[in-house]
Amino acid sequence: MSVSAEPTSVDPRRNGSVPADTGAARTDTLRPHAEHAFADELVALAAQDDRPRPARWRLSPWAVATYLLGGTLPDGTVITPKYVGPRRVVEVAVTTLATDRALLLLGVPGTAKTWVSEHLAAAVSGDSTLLVQGTAGTPEEAIRYGWNYARLLAHGPSRDALVPSPVMRAMAEGRTARVEELTRIPADVQDSLITILSEKTLPIPELGQEVQAVRGFNLIATANDRDRGVNELSSALRRRFNTVVLPLPETPEAEVDIVTRRVEQLGRSLDLPAVPDGVDEIRRVVTVFRELRDGLTADGRTKLKSPSGTLSTAEAISVVTGGLALAAHFGDGVLRAGDVAAGVLGAVVRDPAADRVVWQEYLETVVRERDGWSDFYRACREAGA
């Protein structure tokens, strides 16, 4: 016997966000979901989108890619880029979701895996909230289903006592489910996805029933390749995914652009100063992170030791946002070296013993000798004093 969960709609009032005509979120929402924050762009794309759409997709694959990569529509509407990176990476990811294969976004920390996952789900299904957060303690019920134990004890196993997981709801409603940090989930729990992804069926043996996925269902998982060896995917499960690797930004200019755009978005929600006043400091933070990450100075002349941390683009965004907050609340609103120095130190020195040696060596041999960086050198020395 096959059953379907009752279709449910996401009520934006539950989390304080409203899909207003302008796409703006209510002022009391710190971080609205993508489908609410960019509602105006999604509406504009849907109105202009005359290409074929897979079953239950809100947009065509072309429009989904345009939503992520940005562009200008025929009516002049500007779609802001959500992902700055190789176009082919996005096209392969979107195409995968249009097939019967699930999508695995793989990359080092800070390569926007979660960000891309959320925006893909928002553009495809109009709902990015069908999410399973993977941890070492994630139970099988988070992927399959659980039970309302009060009803279970009172009336025994029944459909009313069953609590569907986000994956189960996505199957029944033909939507996109998300599983974050798949390799953090115990291997036996991971493997509960095999039947779901291969047979597109979720058995409920307690009821002698099953939930069959309707057209439109698919799943996006993310995994951190620094977690290799933690809970490796079985070969059977890996075959059910098409893996797309999200690379680090290829050039310093691309990374500066990513950091600037994201900090601007965060800054608006936090009422922080405009980013253009701090572009020089953003460029410095990105340069420091890239050089230490690559183990080589930008000019290729000096080899460097790399610290234990990842020094990702996401961490650069965090450092700059924190610096802007310092400038706004304890300065004149202009981002300067002293505002980012402590954040850079905190990002680089994760291991107090080994990383501090790496940082001091970099500071004295590279930063100290670099033209125009004397203020940054002094600020970093003071931050580490």
# chains A, B, ... in the order shown; residues from 1 in each chain; ligands from 1
>>> residues_around(residues="Val90 in chain A", least_positions_apart="3", cutoff="8 Å", atoms="only C-alpha atoms", output="list in words")
Ala65, Leu68, Leu69, Pro86, Arg87, Ala93 and Val94 of chain A
>>> write_last_selection(atoms="N, CA, C and O atoms", output="PDB file, in the first residue's frame")
ATOM      1  N   ALA A  65      19.793  28.353 -13.026  1.00  0.00           N
ATOM      2  CA  ALA A  65      21.200  28.721 -13.175  1.00  0.00           C
ATOM      3  C   ALA A  65      21.369  30.233 -13.205  1.00  0.00           C
ATOM      4  O   ALA A  65      22.311  30.773 -12.610  1.00  0.00           O
ATOM      5  N   LEU A  68      21.224  31.658  -9.700  1.00  0.00           N
ATOM      6  CA  LEU A  68      22.447  31.487  -8.919  1.00  0.00           C
ATOM      7  C   LEU A  68      23.601  32.338  -9.438  1.00  0.00           C
ATOM      8  O   LEU A  68      24.362  32.899  -8.647  1.00  0.00           O
ATOM      9  N   LEU A  69      23.724  32.431 -10.762  1.00  0.00           N
ATOM     10  CA  LEU A  69      24.896  33.084 -11.341  1.00  0.00           C
ATOM     11  C   LEU A  69      24.688  34.566 -11.616  1.00  0.00           C
ATOM     12  O   LEU A  69      25.653  35.312 -11.789  1.00  0.00           O
ATOM     13  N   PRO A  86      32.770  28.917 -11.366  1.00  0.00           N
ATOM     14  CA  PRO A  86      32.629  28.389 -12.722  1.00  0.00           C
ATOM     15  C   PRO A  86      31.164  28.132 -13.083  1.00  0.00           C
ATOM     16  O   PRO A  86      30.434  27.480 -12.332  1.00  0.00           O
ATOM     17  N   ARG A  87      30.763  28.626 -14.230  1.00  0.00           N
ATOM     18  CA  ARG A  87      29.378  28.439 -14.674  1.00  0.00           C
ATOM     19  C   ARG A  87      29.043  26.960 -14.852  1.00  0.00           C
ATOM     20  O   ARG A  87      27.943  26.518 -14.516  1.00  0.00           O
ATOM     21  N   ALA A  93      25.244  20.954 -11.635  1.00  0.00           N
ATOM     22  CA  ALA A  93      24.443  20.749 -10.426  1.00  0.00           C
ATOM     23  C   ALA A  93      22.954  20.834 -10.733  1.00  0.00           C
ATOM     24  O   ALA A  93      22.164  19.990 -10.289  1.00  0.00           O
ATOM     25  N   VAL A  94      22.561  21.837 -11.492  1.00  0.00           N
ATOM     26  CA  VAL A  94      21.142  22.009 -11.826  1.00  0.00           C
ATOM     27  C   VAL A  94      20.653  20.861 -12.695  1.00  0.00           C
ATOM     28  O   VAL A  94      19.554  20.314 -12.477  1.00  0.00           O
TER      29      VAL A  94
END
>>> closest_residue(among="A:Ala154, A:Leu304, A:Ala47, A:Leu296", to="Ser60 in chain A", atoms="only C-alpha atoms")
A:Ala47
>>> residues_around(residues="Thr222 in chain A", least_positions_apart="6", cutoff="7 Å", atoms="only C-alpha atoms", output="number ranges by chain")
A: 104-106, 113-114, 179-182
>>> residues_around(residues="range 324-336 of chain A", least_positions_apart="4", cutoff="9 Å", atoms="only C-alpha atoms", output="PyMOL selection string")
chain A and resi 263+267+270-275+277-282+319-320+340-341+375-376
>>> select_by_dssp(residues="range 69-134 of chain A", states="strand (DSSP E or B)", output="PyMOL selection string")
chain A and resi 71-72+78-79+102-107+131-133
>>> residues_around(residues="Pro109 in chain A", least_positions_apart="4", cutoff="9 Å", atoms="only C-alpha atoms", output="list in words")
Lys113, Asn224, Asp225, Arg226, Thr310, Leu311, Ser312, Thr313 and Ala314 of chain A
>>> write_last_selection(atoms="all heavy atoms", output="PDB file, in the first residue's frame")
ATOM      1  N   LYS A 113      29.021  25.560  -0.005  1.00  0.00           N
ATOM      2  CA  LYS A 113      28.202  24.378  -0.262  1.00  0.00           C
ATOM      3  C   LYS A 113      26.788  24.561   0.279  1.00  0.00           C
ATOM      4  O   LYS A 113      25.801  24.308  -0.426  1.00  0.00           O
ATOM      5  CB  LYS A 113      28.847  23.138   0.349  1.00  0.00           C
ATOM      6  CG  LYS A 113      30.229  22.823  -0.191  1.00  0.00           C
ATOM      7  CD  LYS A 113      30.807  21.577   0.433  1.00  0.00           C
ATOM      8  CE  LYS A 113      31.072  21.715   1.919  1.00  0.00           C
ATOM      9  NZ  LYS A 113      32.089  22.741   2.248  1.00  0.00           N
ATOM     10  N   ASN A 224      31.995  17.887   3.514  1.00  0.00           N
ATOM     11  CA  ASN A 224      33.260  18.587   3.675  1.00  0.00           C
ATOM     12  C   ASN A 224      34.385  17.602   3.404  1.00  0.00           C
ATOM     13  O   ASN A 224      34.495  16.581   4.094  1.00  0.00           O
ATOM     14  CB  ASN A 224      33.327  19.129   5.108  1.00  0.00           C
ATOM     15  CG  ASN A 224      34.609  19.830   5.423  1.00  0.00           C
ATOM     16  OD1 ASN A 224      35.577  19.779   4.668  1.00  0.00           O
ATOM     17  ND2 ASN A 224      34.634  20.474   6.570  1.00  0.00           N
ATOM     18  N   ASP A 225      35.226  17.872   2.409  1.00  0.00           N
ATOM     19  CA  ASP A 225      36.247  16.870   2.109  1.00  0.00           C
ATOM     20  C   ASP A 225      37.363  16.848   3.146  1.00  0.00           C
ATOM     21  O   ASP A 225      38.241  15.979   3.108  1.00  0.00           O
ATOM     22  CB  ASP A 225      36.810  17.034   0.698  1.00  0.00           C
ATOM     23  CG  ASP A 225      37.590  18.316   0.496  1.00  0.00           C
ATOM     24  OD1 ASP A 225      37.754  19.081   1.468  1.00  0.00           O
ATOM     25  OD2 ASP A 225      38.039  18.561  -0.638  1.00  0.00           O
ATOM     26  N   ARG A 226      37.314  17.756   4.130  1.00  0.00           N
ATOM     27  CA  ARG A 226      38.224  17.644   5.273  1.00  0.00           C
ATOM     28  C   ARG A 226      37.755  16.545   6.232  1.00  0.00           C
ATOM     29  O   ARG A 226      38.468  16.174   7.140  1.00  0.00           O
ATOM     30  CB  ARG A 226      38.280  18.978   6.024  1.00  0.00           C
ATOM     31  CG  ARG A 226      39.020  20.082   5.292  1.00  0.00           C
ATOM     32  CD  ARG A 226      40.517  19.828   5.281  1.00  0.00           C
ATOM     33  NE  ARG A 226      41.249  20.894   4.622  1.00  0.00           N
ATOM     34  CZ  ARG A 226      41.838  21.892   5.257  1.00  0.00           C
ATOM     35  NH1 ARG A 226      41.770  21.954   6.582  1.00  0.00           N
ATOM     36  NH2 ARG A 226      42.499  22.812   4.588  1.00  0.00           N
ATOM     37  N   THR A 310      41.496  26.309   7.948  1.00  0.00           N
ATOM     38  CA  THR A 310      41.225  26.291   6.511  1.00  0.00           C
ATOM     39  C   THR A 310      41.391  27.650   5.852  1.00  0.00           C
ATOM     40  O   THR A 310      41.678  27.747   4.671  1.00  0.00           O
ATOM     41  CB  THR A 310      39.779  25.812   6.247  1.00  0.00           C
ATOM     42  OG1 THR A 310      38.866  26.673   6.935  1.00  0.00           O
ATOM     43  CG2 THR A 310      39.603  24.388   6.717  1.00  0.00           C
ATOM     44  N   LEU A 311      41.177  28.739   6.613  1.00  0.00           N
ATOM     45  CA  LEU A 311      41.264  30.098   6.079  1.00  0.00           C
ATOM     46  C   LEU A 311      40.421  30.229   4.814  1.00  0.00           C
ATOM     47  O   LEU A 311      40.884  30.652   3.760  1.00  0.00           O
ATOM     48  CB  LEU A 311      42.720  30.474   5.808  1.00  0.00           C
ATOM     49  CG  LEU A 311      43.646  30.478   7.033  1.00  0.00           C
ATOM     50  CD1 LEU A 311      45.049  30.890   6.648  1.00  0.00           C
ATOM     51  CD2 LEU A 311      43.098  31.387   8.119  1.00  0.00           C
ATOM     52  N   SER A 312      39.177  29.876   4.938  1.00  0.00           N
ATOM     53  CA  SER A 312      38.274  29.842   3.799  1.00  0.00           C
ATOM     54  C   SER A 312      37.689  31.212   3.503  1.00  0.00           C
ATOM     55  O   SER A 312      37.827  32.166   4.278  1.00  0.00           O
ATOM     56  CB  SER A 312      37.123  28.864   4.088  1.00  0.00           C
ATOM     57  OG  SER A 312      36.332  29.372   5.160  1.00  0.00           O
ATOM     58  N   THR A 313      36.999  31.292   2.381  1.00  0.00           N
ATOM     59  CA  THR A 313      36.298  32.522   2.020  1.00  0.00           C
ATOM     60  C   THR A 313      35.246  32.860   3.065  1.00  0.00           C
ATOM     61  O   THR A 313      35.036  34.036   3.392  1.00  0.00           O
ATOM     62  CB  THR A 313      35.636  32.355   0.636  1.00  0.00           C
ATOM     63  OG1 THR A 313      36.617  31.923  -0.320  1.00  0.00           O
ATOM     64  CG2 THR A 313      35.029  33.663   0.168  1.00  0.00           C
ATOM     65  N   ALA A 314      34.586  31.849   3.601  1.00  0.00           N
ATOM     66  CA  ALA A 314      33.569  32.095   4.627  1.00  0.00           C
ATOM     67  C   ALA A 314      34.190  32.727   5.866  1.00  0.00           C
ATOM     68  O   ALA A 314      33.589  33.605   6.497  1.00  0.00           O
ATOM     69  CB  ALA A 314      32.876  30.776   5.000  1.00  0.00           C
TER      70      ALA A 314
END
>>> atom_distance(atom1="CA of Glu141 in chain A", atom2="CA of Ser165 in chain A")
7.0 Å
>>> residues_around(residues="Gly156 in chain A", least_positions_apart="6", cutoff="12 Å", atoms="only C-alpha atoms", output="ChimeraX atom specification")
/A:147-150,162,206-207
>>> atom_distance(atom1="CA of Leu246 in chain A", atom2="CA of Ile220 in chain A")
13.6 Å
>>> select_by_dssp(residues="range 52-284 of chain A", states="alpha helix (DSSP H)", output="NGL selection string")
:A and (61-69 or 87-97 or 113-125 or 149-155 or 166-173 or 187-190 or 193-199 or 235-238 or 252-270 or 279-284)
>>> closest_residue(among="A:Asn218, A:Thr72, A:Thr183, A:Ser158", to="Ser125 in chain A", atoms="only C-alpha atoms")
A:Asn218
>>> atom_distance(atom1="CA of Glu140 in chain A", atom2="CA of Val167 in chain A")
11.4 Å
>>> residues_around(residues="Leu248 in chain A", least_positions_apart="6", cutoff="10 Å", atoms="only C-alpha atoms", output="PyMOL selection string")
chain A and resi 85+107-112+254-255+290+312-313
